file run-v8.cif (mmCIF, C-alpha atoms)
data_coords
loop_
_atom_site.label_atom_id
_atom_site.label_comp_id
_atom_site.auth_asym_id
_atom_site.auth_seq_id
_atom_site.Cartn_x
_atom_site.Cartn_y
_atom_site.Cartn_z
CA MET S 1054 91.73 21.09 51.49
CA THR S 1055 89.53 22.44 54.30
CA LEU S 1056 90.98 23.37 57.69
CA THR S 1057 89.33 24.87 60.75
CA ILE S 1058 91.33 26.53 63.53
CA THR S 1059 89.33 26.69 66.74
CA ASN S 1060 89.86 28.33 70.12
CA ILE S 1061 91.48 31.50 68.79
CA LYS S 1062 91.10 35.23 69.39
CA ARG S 1063 91.15 38.20 67.10
CA VAL S 1064 93.48 41.08 67.96
CA GLY S 1065 91.86 43.23 70.63
CA SER S 1066 89.26 40.62 71.60
CA GLU S 1067 89.10 37.98 74.32
CA GLN S 1068 86.24 36.10 72.63
CA LEU S 1069 87.18 32.62 71.44
CA GLU S 1070 86.24 31.95 67.82
CA SER S 1071 87.12 29.71 64.91
CA VAL S 1072 88.20 30.36 61.34
CA THR S 1073 87.84 28.01 58.36
CA VAL S 1074 90.12 28.02 55.35
CA GLU S 1075 89.52 26.23 52.09
CA ASP S 1076 91.46 26.01 48.84
CA GLY S 1077 94.07 28.45 50.06
CA LYS S 1078 91.65 31.17 51.15
CA ILE S 1079 89.77 32.16 54.28
CA LYS S 1080 86.28 30.72 53.91
CA GLY S 1081 84.82 32.46 56.95
CA TRP S 1082 84.57 32.75 60.70
CA ASN S 1083 82.62 30.53 63.10
CA LEU S 1084 81.31 28.18 60.43
CA GLY S 1085 81.63 25.06 62.56
CA ASP S 1086 84.23 22.31 62.56
CA GLU S 1087 84.80 21.74 58.85
CA GLY S 1088 87.61 19.57 57.52
CA GLU S 1089 90.71 19.06 59.65
CA VAL S 1090 90.31 20.76 63.03
CA ILE S 1091 93.27 22.26 64.90
CA ASP S 1092 93.04 23.72 68.40
CA GLY S 1093 94.61 27.20 68.49
CA GLN S 1094 95.19 26.90 72.24
CA GLY S 1095 93.56 30.25 72.96
CA GLY S 1096 96.13 32.10 70.87
CA THR S 1097 95.73 35.28 68.83
CA LEU S 1098 95.21 34.91 65.09
CA ALA S 1099 97.01 37.28 62.73
CA PRO S 1100 98.10 37.31 59.11
CA ALA S 1101 101.36 35.42 58.68
CA LEU S 1102 104.45 37.61 58.98
CA ILE S 1103 106.31 38.87 55.91
CA GLU S 1104 110.13 38.95 55.81
CA LEU S 1105 111.78 41.24 53.25
CA HIS S 1106 115.40 40.47 54.08
CA ALA S 1107 116.72 36.96 54.72
CA HIS S 1108 119.76 35.01 53.60
CA LEU S 1109 118.90 31.38 52.84
CA ARG S 1110 122.35 30.57 51.39
CA GLU S 1111 121.12 28.33 48.56
CA PRO S 1112 122.74 27.69 46.15
CA GLY S 1113 126.34 27.11 47.10
CA GLN S 1114 126.47 27.72 50.85
CA THR S 1115 124.17 25.03 52.13
CA GLU S 1116 126.47 24.17 55.02
CA LYS S 1117 125.17 27.44 56.53
CA GLU S 1118 121.49 27.16 55.52
CA ASP S 1119 119.37 25.84 52.67
CA LEU S 1120 115.84 26.41 51.44
CA ALA S 1121 114.41 23.61 53.56
CA SER S 1122 116.01 24.66 56.84
CA GLY S 1123 115.60 28.38 56.24
CA LEU S 1124 111.96 28.26 55.17
CA ALA S 1125 111.14 25.81 57.97
CA ALA S 1126 112.74 28.25 60.42
CA ALA S 1127 110.72 31.07 58.91
CA ALA S 1128 107.47 29.13 59.29
CA ALA S 1129 108.40 28.34 62.90
CA GLY S 1130 108.83 32.08 63.38
CA GLY S 1131 105.35 32.78 62.04
CA TYR S 1132 106.43 33.94 58.58
CA GLY S 1133 104.36 33.04 55.55
CA THR S 1134 106.48 34.85 52.96
CA VAL S 1135 110.25 35.32 52.78
CA VAL S 1136 112.26 37.45 50.36
CA CYS S 1137 115.70 35.84 50.08
CA MET S 1138 118.84 37.78 49.20
CA PRO S 1139 120.88 36.97 46.08
CA ASN S 1140 124.43 36.82 47.54
CA THR S 1141 124.72 33.08 46.99
CA ARG S 1142 127.21 31.00 44.99
CA PRO S 1143 126.45 31.45 42.17
CA VAL S 1144 124.78 34.80 42.61
CA ILE S 1145 121.05 34.88 41.86
CA ASP S 1146 121.38 36.85 38.63
CA ASP S 1147 120.03 34.19 36.25
CA PRO S 1148 116.28 33.89 35.47
CA ALA S 1149 116.55 30.09 35.38
CA LEU S 1150 117.97 30.08 38.90
CA VAL S 1151 115.13 32.28 40.15
CA GLN S 1152 112.60 29.87 38.68
CA SER S 1153 114.30 26.77 40.08
CA LEU S 1154 114.45 28.23 43.61
CA ILE S 1155 110.75 29.09 43.53
CA GLU S 1156 109.83 25.64 42.23
CA LYS S 1157 111.91 23.91 44.89
CA ALA S 1158 110.51 26.06 47.68
CA ASN S 1159 106.94 25.44 46.54
CA GLY S 1160 107.45 21.72 47.05
CA LEU S 1161 108.70 22.03 50.61
CA GLY S 1162 105.49 23.07 52.35
CA PHE S 1163 107.04 25.73 54.57
CA ALA S 1164 107.09 29.52 54.13
CA ARG S 1165 106.59 30.89 50.62
CA LEU S 1166 109.76 32.03 48.82
CA LYS S 1167 109.99 35.24 46.83
CA PRO S 1168 113.56 35.68 45.59
CA ALA S 1169 115.35 38.99 45.27
CA ALA S 1170 117.69 39.08 42.30
CA ALA S 1171 121.03 40.80 41.96
CA LEU S 1172 120.97 44.33 40.60
CA THR S 1173 124.29 43.87 38.81
CA LYS S 1174 125.83 40.83 37.15
CA GLY S 1175 127.60 38.76 39.76
CA GLN S 1176 126.89 41.55 42.24
CA LEU S 1177 130.10 43.11 40.95
CA GLY S 1178 128.60 46.59 40.67
CA GLU S 1179 129.72 47.01 37.07
CA GLY S 1180 126.91 46.13 34.66
CA LEU S 1181 123.21 45.63 35.28
CA ALA S 1182 121.79 42.14 35.41
CA GLU S 1183 118.97 41.18 33.03
CA LEU S 1184 116.38 42.86 35.21
CA SER S 1185 113.36 42.43 32.96
CA TYR S 1186 113.96 38.70 32.52
CA LEU S 1187 114.59 38.31 36.24
CA LYS S 1188 111.26 39.96 37.03
CA ASP S 1189 109.49 37.70 34.53
CA ALA S 1190 111.07 34.68 36.23
CA GLY S 1191 109.62 35.68 39.60
CA ALA S 1192 112.14 38.01 41.23
CA VAL S 1193 110.35 40.58 43.39
CA MET S 1194 113.21 42.94 44.24
CA PHE S 1195 116.65 43.92 42.97
CA THR S 1196 119.59 44.33 45.32
CA ASP S 1197 123.32 43.85 45.56
CA ASP S 1198 122.68 43.52 49.29
CA GLY S 1199 125.90 43.42 51.36
CA LEU S 1200 127.83 44.95 48.48
CA THR S 1201 127.25 48.67 48.55
CA ASN S 1202 126.93 49.90 44.96
CA GLU S 1203 130.07 52.03 45.01
CA ASN S 1204 129.48 53.24 41.45
CA ALA S 1205 126.71 55.83 41.67
CA ARG S 1206 126.20 55.86 37.92
CA VAL S 1207 125.46 52.13 37.84
CA LEU S 1208 122.97 52.50 40.69
CA ARG S 1209 121.35 55.41 38.86
CA LEU S 1210 120.91 53.27 35.74
CA GLY S 1211 119.52 50.46 37.87
CA LEU S 1212 117.01 52.78 39.52
CA GLU S 1213 115.86 54.08 36.15
CA TYR S 1214 115.47 50.56 34.76
CA ALA S 1215 113.70 49.31 37.89
CA LYS S 1216 111.30 52.26 37.73
CA SER S 1217 110.29 51.26 34.21
CA LEU S 1218 109.55 47.77 35.57
CA ASN S 1219 107.69 49.08 38.66
CA MET S 1220 110.17 47.25 40.89
CA VAL S 1221 111.86 48.10 44.17
CA ILE S 1222 115.63 48.31 44.62
CA SER S 1223 116.91 47.74 48.14
CA VAL S 1224 120.37 48.80 49.28
CA HIS S 1225 122.84 47.96 52.00
CA ALA S 1226 123.90 51.56 52.51
CA GLU S 1227 127.48 51.72 53.74
CA ASP S 1228 130.38 53.59 52.18
CA ALA S 1229 133.02 50.91 51.70
CA GLY S 1230 135.90 53.34 52.02
CA LEU S 1231 134.67 54.75 55.32
CA ARG S 1232 133.70 51.32 56.62
CA ALA S 1233 137.12 49.96 55.65
CA GLY S 1234 138.09 47.09 57.98
CA GLY S 1235 135.84 48.10 60.84
CA VAL S 1236 134.54 45.12 62.79
CA MET S 1237 132.28 47.02 65.20
CA ASN S 1238 130.79 50.45 65.79
CA GLU S 1239 133.40 53.18 65.97
CA GLY S 1240 133.08 54.78 69.37
CA VAL S 1241 134.02 54.57 73.01
CA VAL S 1242 133.78 50.78 73.18
CA SER S 1243 135.89 50.16 70.05
CA GLU S 1244 138.53 52.56 71.35
CA GLU S 1245 138.65 50.87 74.74
CA LEU S 1246 138.90 47.43 73.12
CA GLY S 1247 141.44 48.52 70.52
CA LEU S 1248 139.31 47.18 67.67
CA PRO S 1249 138.96 48.81 64.23
CA GLY S 1250 135.74 50.77 64.11
CA ASN S 1251 133.06 51.27 61.49
CA PRO S 1252 131.79 54.86 61.88
CA ALA S 1253 128.14 55.84 61.76
CA ALA S 1254 129.15 58.24 58.99
CA ALA S 1255 129.79 55.27 56.68
CA ALA S 1256 126.09 54.48 56.71
CA ALA S 1257 124.83 58.07 56.79
CA ALA S 1258 127.03 59.22 53.91
CA ARG S 1259 125.82 56.42 51.67
CA VAL S 1260 122.14 56.95 52.56
CA ALA S 1261 122.53 60.66 51.78
CA ARG S 1262 124.03 59.88 48.37
CA ASP S 1263 121.34 57.37 47.56
CA MET S 1264 118.59 59.85 48.44
CA GLU S 1265 119.97 62.18 45.77
CA LEU S 1266 119.83 59.35 43.24
CA VAL S 1267 116.18 58.77 44.14
CA ALA S 1268 115.51 62.48 43.67
CA LEU S 1269 117.22 62.29 40.28
CA THR S 1270 115.38 59.19 39.03
CA GLY S 1271 112.06 59.15 40.91
CA ALA S 1272 112.55 55.41 41.45
CA ARG S 1273 111.53 53.46 44.54
CA LEU S 1274 114.36 52.68 46.95
CA HIS S 1275 114.26 50.62 50.15
CA VAL S 1276 117.07 51.14 52.65
CA GLN S 1277 117.99 47.98 54.51
CA HIS S 1278 118.71 47.64 58.25
CA LEU S 1279 119.07 51.21 59.51
CA SER S 1280 121.48 51.22 62.45
CA THR S 1281 122.08 54.90 63.25
CA ALA S 1282 120.07 57.95 64.23
CA ARG S 1283 121.59 60.03 61.44
CA GLU S 1284 120.45 57.57 58.77
CA LEU S 1285 116.90 57.84 60.03
CA ASP S 1286 117.07 61.64 59.99
CA ILE S 1287 118.22 61.57 56.36
CA VAL S 1288 115.38 59.21 55.41
CA ARG S 1289 112.91 61.46 57.23
CA GLU S 1290 114.16 64.46 55.28
CA ALA S 1291 113.81 62.52 52.02
CA LYS S 1292 110.25 61.55 52.86
CA LYS S 1293 109.41 65.18 53.61
CA ARG S 1294 110.65 65.97 50.11
CA GLY S 1295 108.14 63.44 48.77
CA LEU S 1296 110.73 60.93 47.61
CA PRO S 1297 109.56 57.31 47.20
CA VAL S 1298 111.85 55.97 49.94
CA THR S 1299 111.20 53.28 52.54
CA CYS S 1300 113.39 51.72 55.21
CA GLU S 1301 113.58 48.84 57.65
CA VAL S 1302 115.11 48.20 61.05
CA CYS S 1303 116.11 44.85 62.55
CA PRO S 1304 115.37 43.56 66.05
CA HIS S 1305 119.07 43.07 66.79
CA HIS S 1306 119.76 46.76 66.16
CA LEU S 1307 117.02 47.61 68.65
CA ASP S 1308 117.85 45.16 71.43
CA LEU S 1309 121.63 44.76 71.24
CA THR S 1310 124.37 47.40 71.32
CA ASP S 1311 128.12 47.64 70.81
CA GLU S 1312 128.56 46.93 74.52
CA ALA S 1313 128.00 43.25 73.62
CA LEU S 1314 131.36 43.24 71.78
CA ARG S 1315 133.17 43.57 75.11
CA SER S 1316 132.82 39.77 75.11
CA PHE S 1317 134.95 39.60 71.94
CA ASP S 1318 132.34 37.09 70.73
CA ALA S 1319 131.92 37.23 66.95
CA MET S 1320 128.30 36.12 67.38
CA TYR S 1321 127.68 39.86 67.82
CA LYS S 1322 129.55 40.84 64.65
CA VAL S 1323 127.02 42.08 62.12
CA ALA S 1324 126.97 44.46 59.16
CA PRO S 1325 126.08 47.22 59.73
CA PRO S 1326 127.41 46.83 63.27
CA LEU S 1327 125.57 47.05 66.55
CA ARG S 1328 125.56 50.72 67.52
CA SER S 1329 125.05 52.70 70.71
CA ARG S 1330 122.04 52.54 73.02
CA ALA S 1331 121.18 56.09 71.90
CA ASP S 1332 121.01 54.92 68.27
CA ALA S 1333 118.88 51.90 69.20
CA ASP S 1334 116.44 54.03 71.20
CA TYR S 1335 116.19 56.55 68.35
CA LEU S 1336 115.33 53.81 65.87
CA LEU S 1337 112.61 52.57 68.21
CA GLU S 1338 111.13 56.06 68.21
CA GLY S 1339 111.21 55.88 64.42
CA LEU S 1340 109.06 52.76 64.56
CA LEU S 1341 106.64 54.50 66.88
CA ASP S 1342 106.23 57.63 64.76
CA GLY S 1343 106.11 55.83 61.41
CA SER S 1344 109.45 57.06 60.06
CA VAL S 1345 110.67 53.46 59.89
CA ASP S 1346 108.42 51.54 57.54
CA CYS S 1347 108.85 47.95 58.63
CA ILE S 1348 110.79 45.35 60.58
CA ALA S 1349 113.07 42.81 58.89
CA THR S 1350 115.54 40.36 60.40
CA ASP S 1351 118.50 40.21 57.98
CA HIS S 1352 118.59 36.52 58.96
CA ALA S 1353 122.20 35.65 58.06
CA PRO S 1354 123.28 32.18 59.18
CA HIS S 1355 126.89 31.01 59.31
CA THR S 1356 128.46 27.85 60.65
CA LYS S 1357 129.46 27.70 64.30
CA ALA S 1358 133.09 27.24 63.27
CA GLU S 1359 133.00 30.47 61.25
CA LYS S 1360 131.48 32.47 64.09
CA GLU S 1361 134.01 31.07 66.56
CA ARG S 1362 136.84 32.80 64.72
CA ASP S 1363 138.21 36.01 66.18
CA LEU S 1364 136.45 39.29 65.46
CA LEU S 1365 138.86 40.29 62.70
CA GLU S 1366 138.29 37.11 60.69
CA ALA S 1367 134.75 35.95 61.47
CA PRO S 1368 131.99 36.75 58.96
CA SER S 1369 129.26 39.25 59.80
CA GLY S 1370 125.75 37.99 60.37
CA ILE S 1371 123.23 36.83 62.92
CA ALA S 1372 120.42 34.30 62.48
CA TYR S 1373 117.19 34.36 64.46
CA ILE S 1374 114.21 34.42 62.12
CA GLU S 1375 112.27 31.95 64.29
CA ILE S 1376 112.45 34.12 67.41
CA ALA S 1377 112.12 37.58 65.82
CA PHE S 1378 108.49 38.09 66.84
CA PRO S 1379 109.02 36.82 70.40
CA ILE S 1380 111.98 39.20 70.75
CA MET S 1381 109.97 42.17 69.53
CA TRP S 1382 106.86 41.31 71.57
CA THR S 1383 108.75 40.63 74.79
CA LYS S 1384 111.17 43.55 74.57
CA PHE S 1385 109.12 46.21 72.85
CA GLY S 1386 105.48 45.10 72.85
CA ALA S 1387 104.59 47.37 75.76
CA LYS S 1388 105.75 50.44 73.82
CA LEU S 1389 104.63 49.48 70.33
CA GLY S 1390 101.37 47.70 71.16
CA LEU S 1391 100.22 44.53 69.42
CA GLU S 1392 98.42 46.14 66.48
CA LYS S 1393 101.40 48.35 65.63
CA LEU S 1394 103.90 45.51 65.95
CA LEU S 1395 101.84 43.20 63.76
CA ASP S 1396 101.44 45.94 61.17
CA LEU S 1397 105.22 46.46 61.07
CA MET S 1398 105.74 42.75 60.40
CA THR S 1399 102.79 42.04 58.05
CA ALA S 1400 101.00 44.87 56.25
CA ALA S 1401 103.94 47.28 56.32
CA PRO S 1402 106.32 44.99 54.39
CA ALA S 1403 103.50 44.42 51.90
CA ARG S 1404 103.13 48.20 51.46
CA VAL S 1405 106.87 48.54 50.86
CA MET S 1406 106.62 46.01 48.05
CA GLY S 1407 103.34 47.26 46.62
CA TRP S 1408 101.61 43.99 47.48
CA PRO S 1409 98.00 43.75 48.74
CA GLU S 1410 97.86 44.18 52.50
CA PRO S 1411 96.99 40.92 54.28
CA THR S 1412 93.67 40.70 56.10
CA LEU S 1413 91.62 38.14 57.99
CA GLU S 1414 88.47 38.71 55.99
CA ALA S 1415 86.63 35.99 54.07
CA GLY S 1416 88.16 35.51 50.64
CA ALA S 1417 91.65 36.65 51.71
CA PRO S 1418 94.67 34.37 51.18
CA ALA S 1419 94.98 31.87 54.03
CA ASP S 1420 98.44 32.89 55.25
CA LEU S 1421 97.93 32.88 59.01
CA VAL S 1422 99.78 32.66 62.30
CA VAL S 1423 98.44 31.85 65.78
CA LEU S 1424 100.52 33.57 68.48
CA ASP S 1425 100.75 32.66 72.15
CA LEU S 1426 101.24 36.14 73.61
CA THR S 1427 101.41 35.15 77.27
CA THR S 1428 103.37 31.94 77.79
CA GLU S 1429 107.07 32.40 78.44
CA ARG S 1430 109.40 29.89 76.82
CA GLU S 1431 113.15 29.63 77.09
CA VAL S 1432 115.14 30.24 73.93
CA ASN S 1433 116.85 26.94 73.16
CA PRO S 1434 118.76 27.18 69.87
CA ALA S 1435 119.35 23.42 69.85
CA GLY S 1436 115.71 23.16 68.80
CA PHE S 1437 115.94 25.68 65.97
CA LYS S 1438 114.87 24.61 62.50
CA SER S 1439 117.69 26.77 61.14
CA LYS S 1440 121.14 25.24 60.78
CA ALA S 1441 122.51 28.14 62.86
CA LYS S 1442 121.82 26.68 66.29
CA PHE S 1443 123.29 29.50 68.38
CA THR S 1444 121.95 32.90 69.32
CA PRO S 1445 122.62 35.91 71.59
CA TRP S 1446 119.23 35.30 73.16
CA GLN S 1447 119.99 31.76 74.33
CA GLY S 1448 118.43 31.09 77.71
CA GLN S 1449 116.23 34.18 77.71
CA MET S 1450 112.54 33.81 78.52
CA LEU S 1451 110.39 35.22 75.72
CA LYS S 1452 106.66 35.48 75.02
CA GLY S 1453 104.85 35.67 71.70
CA TRP S 1454 105.80 32.29 70.28
CA PRO S 1455 103.99 31.09 67.15
CA VAL S 1456 101.79 28.08 67.86
CA LEU S 1457 100.65 27.45 64.29
CA THR S 1458 101.60 28.84 60.88
CA VAL S 1459 99.41 28.28 57.84
CA VAL S 1460 100.64 29.13 54.33
CA ASN S 1461 98.27 28.99 51.38
CA GLY S 1462 95.79 27.06 53.50
CA GLN S 1463 98.31 24.37 54.47
CA VAL S 1464 99.92 23.83 57.87
CA ALA S 1465 103.55 24.93 57.55
CA PHE S 1466 104.40 24.75 61.25
CA GLN S 1467 102.74 23.50 64.43
CA ARG S 1468 104.45 23.82 67.80
CA GLU S 1469 104.88 20.40 69.37
CA GLU S 1470 103.78 21.51 72.84
CA ALA S 1471 100.46 22.55 71.30
#
call {"tool": "encode", "arguments": {"input": "run-v8.cif", "output": "structure tokens"}}
result
Amino acid sequence: MTLTITNIKRVGSEQLESVTVEDGKIKGWNLGDEGEVIDGQGGTLAPALIELHAHLREPGQTEKEDLASGLAAAAAGGYGTVVCMPNTRPVIDDPALVQSLIEKANGLGFARLKPAAALTKGQLGEGLAELSYLKDAGAVMFTDDGLTNENARVLRLGLEYAKSLNMVISVHAEDAGLRAGGVMNEGVVSEELGLPGNPAAAAAARVARDMELVALTGARLHVQHLSTARELDIVREAKKRGLPVTCEVCPHHLDLTDEALRSFDAMYKVAPPLRSRADADYLLEGLLDGSVDCIATDHAPHTKAEKERDLLEAPSGIAYIEIAFPIMWTKFGAKLGLEKLLDLMTAAPARVMGWPEPTLEAGAPADLVVLDLTTEREVNPAGFKSKAKFTPWQGQMLKGWPVLTVVNGQVAFQREEA
């Protein structure tokens, strides 16, 4: 298939150009109107975004999300590739399940799926899953995700095994004992509200332990969703030691704080929890100075009924993969700049995984997004592709909306207004 996108700009340029893609690759720039022609509406062309941390809930929890809704939401958010987490029912710890998810996703025509597989069988933290077979089946990462690898010896063995396979392990770094039943950040707000708190030390203590395991094994470790300043300091120290450590931060930990919990609305209940404004500002500085490697969303959809429970009973998680770039561009674009922000959401995740960095050169894979950086649109979750049609950003006016997403040379999303 041949497709030409016209009326687009490259980053840093106001000149309108066109790009032609053919057979899943970029054929070249300004070649004329070949094949199907789509008007880019004067938007900015970039490589499609890469998401390293999303929960798509299939199999077993499809009332929350499924591959079709989750990957459609990702494409609407400008993502071309999504790494899904394995905490499904059953857990993604079976090579046959990895293969079947990839095959199903390939037939949907939305964002590309790259499954993460469980590090331990059933994510129970006791014995390692069949890591070699899982890699052969198409798994790109090992993680027990929301479960926190309490047994350091098992995590050590996993790191050693993953190193032999040249694979990344990612961790949700919270000490379960310190976290206990905390439903929000432990601090002034939790004390005033009388709610059980989750201390920053729960995250920092676990990150510190895991850094020592990396030093012991030399294996690659990716720390998910940093939420505190102390975690970032520990990661910085590890990097100065030359350890092969990377980390991510999520838009919700940059834009929202524990003050939001004064509403007692479980929509703001996430794990790790929303922290203080000082923590959020410190993490933003980490993005600016390169200490934080990339941006991920931790897209974690639940049903409305689940999130309408009280804070003690509602599940943790927030879903917003289709507005992640608009949030970051609107709220933080002035500080980060477009090139830096795009790097954090495209090339940087690829570097974390050891994948080739995406480019817009001829011959490169045709995973592309056209972004409208100037038009403000109201966030209306009723129009979300995701099944989670509610969001803390409802009603806000954001810029940076994807107009068109192309995955492997095929249109995966096109905004109706365009």
call {"tool": "residues_around", "arguments": {"input": "run-v8.cif", "residues": "Glu1301 in chain S", "least_positions_apart": "2", "cutoff": "10 Å", "atoms": "all atoms listed in the file", "output": "VMD selection string"}}
result
chain S and resid 1105 to 1106 1275 to 1280 1285 1299 1303 1336 1340 1344 to 1351 1397 1401 to 1402 1405
call {"tool": "residues_around", "arguments": {"input": "run-v8.cif", "residues": "range 1375-1392 of chain S", "least_positions_apart": "5", "cutoff": "6 Å", "atoms": "only C-alpha atoms", "output": "list in words"}}
result
Ala1126, Ala1127, Ala1129, Gly1130, Leu1451, Lys1452, Gly1453 and Trp1454 of chain S
call {"tool": "atom_distance", "arguments": {"input": "run-v8.cif", "atom1": "CA of Leu1177 in chain S", "atom2": "CA of Pro1143 in chain S"}}
result
12.3 Å
call {"tool": "closest_atom_pairs", "arguments": {"input": "run-v8.cif", "of": "range 1337-1397 of chain S", "to": "range 1111-1120 of chain S", "cutoff": "6 Å", "atoms": "only C-alpha atoms", "output": "Markdown table"}}
result
| residue | atom | partner | partner_atom | distance |
| --- | --- | --- | --- | --- |
| S:Pro1354 | CA | S:Lys1117 | CA | 5.7 |
| S:His1355 | CA | S:Lys1117 | CA | 4.8 |
| S:Thr1356 | CA | S:Lys1117 | CA | 5.3 |
call {"tool": "atom_distance", "arguments": {"input": "run-v8.cif", "atom1": "CA of Ala1333 in chain S", "atom2": "CA of Leu1364 in chain S"}}
result
21.9 Å
call {"tool": "residues_around", "arguments": {"input": "run-v8.cif", "residues": "Ala1233 in chain S", "least_positions_apart": "6", "cutoff": "12 Å", "atoms": "only C-alpha atoms", "output": "compact mmCIF listing (two decimals) with C-alpha atoms, keeping the file's coordinate frame"}}
result
# COMPACT_ATOMS: atom_id res chain seq x y z
CA GLU S 1227 127.48 51.72 53.74
CA GLU S 1239 133.40 53.18 65.97
CA PRO S 1249 138.96 48.81 64.23
CA GLY S 1250 135.74 50.77 64.11
CA ASN S 1251 133.06 51.27 61.49
CA PRO S 1252 131.79 54.86 61.88
CA ALA S 1254 129.15 58.24 58.99
CA ALA S 1255 129.79 55.27 56.68
CA ALA S 1256 126.09 54.48 56.71
call {"tool": "resolve_selection", "arguments": {"input": "run-v8.cif", "expression": "the PyMOL selection byres ((chain S and resi 1224) around 10)", "output": "PyMOL selection string"}}
result
chain S and resi 1172+1195-1202+1208+1221-1223+1225-1227+1259-1260+1263+1274-1278+1300
call {"tool": "build_atoms", "arguments": {"input": "run-v8.cif", "residues": "range 1357-1362 of chain S", "atoms": "all heavy atoms", "output": "mmCIF file, in the coordinates of the input"}}
result
data_model
loop_
_atom_site.group_PDB
_atom_site.id
_atom_site.type_symbol
_atom_site.label_atom_id
_atom_site.label_comp_id
_atom_site.auth_asym_id
_atom_site.auth_seq_id
_atom_site.Cartn_x
_atom_site.Cartn_y
_atom_site.Cartn_z
ATOM 1 N N LYS S 1357 128.914 27.413 62.973
ATOM 2 C CA LYS S 1357 129.460 27.700 64.300
ATOM 3 C C LYS S 1357 130.969 27.919 64.219
ATOM 4 O O LYS S 1357 131.523 28.799 64.885
ATOM 5 C CB LYS S 1357 129.132 26.537 65.242
ATOM 6 C CG LYS S 1357 129.399 26.820 66.714
ATOM 7 C CD LYS S 1357 128.360 27.752 67.286
ATOM 8 C CE LYS S 1357 128.230 27.711 68.796
ATOM 9 N NZ LYS S 1357 129.391 27.579 69.600
ATOM 10 N N ALA S 1358 131.634 27.113 63.395
ATOM 11 C CA ALA S 1358 133.090 27.240 63.270
ATOM 12 C C ALA S 1358 133.471 28.620 62.751
ATOM 13 O O ALA S 1358 134.456 29.223 63.208
ATOM 14 C CB ALA S 1358 133.627 26.147 62.348
ATOM 15 N N GLU S 1359 132.711 29.136 61.786
ATOM 16 C CA GLU S 1359 133.000 30.470 61.250
ATOM 17 C C GLU S 1359 132.828 31.546 62.319
ATOM 18 O O GLU S 1359 133.656 32.456 62.446
ATOM 19 C CB GLU S 1359 132.093 30.763 60.064
ATOM 20 C CG GLU S 1359 132.421 29.988 58.809
ATOM 21 C CD GLU S 1359 131.390 30.218 57.725
ATOM 22 O OE1 GLU S 1359 130.175 30.114 58.010
ATOM 23 O OE2 GLU S 1359 131.795 30.507 56.588
ATOM 24 N N LYS S 1360 131.752 31.441 63.086
ATOM 25 C CA LYS S 1360 131.480 32.470 64.090
ATOM 26 C C LYS S 1360 132.354 32.320 65.338
ATOM 27 O O LYS S 1360 132.365 33.211 66.192
ATOM 28 C CB LYS S 1360 129.999 32.445 64.474
ATOM 29 C CG LYS S 1360 129.070 32.864 63.351
ATOM 30 C CD LYS S 1360 129.334 34.298 62.870
ATOM 31 C CE LYS S 1360 128.646 35.330 63.718
ATOM 32 N NZ LYS S 1360 128.790 36.702 63.169
ATOM 33 N N GLU S 1361 133.088 31.224 65.445
ATOM 34 C CA GLU S 1361 134.010 31.070 66.560
ATOM 35 C C GLU S 1361 135.402 31.609 66.245
ATOM 36 O O GLU S 1361 136.294 31.577 67.096
ATOM 37 C CB GLU S 1361 134.101 29.591 66.973
ATOM 38 C CG GLU S 1361 132.850 29.110 67.708
ATOM 39 C CD GLU S 1361 132.891 27.642 68.057
ATOM 40 O OE1 GLU S 1361 133.709 26.905 67.452
ATOM 41 O OE2 GLU S 1361 132.100 27.221 68.916
ATOM 42 N N ARG S 1362 135.585 32.125 65.035
ATOM 43 C CA ARG S 1362 136.840 32.800 64.720
ATOM 44 C C ARG S 1362 136.919 34.116 65.492
ATOM 45 O O ARG S 1362 135.938 34.582 66.048
ATOM 46 C CB ARG S 1362 136.942 33.068 63.218
ATOM 47 C CG ARG S 1362 136.945 31.822 62.350
ATOM 48 C CD ARG S 1362 136.892 32.217 60.889
ATOM 49 N NE ARG S 1362 136.725 31.062 60.016
ATOM 50 C CZ ARG S 1362 136.404 31.153 58.720
ATOM 51 N NH1 ARG S 1362 136.216 32.343 58.159
ATOM 52 N NH2 ARG S 1362 136.269 30.062 57.997
#
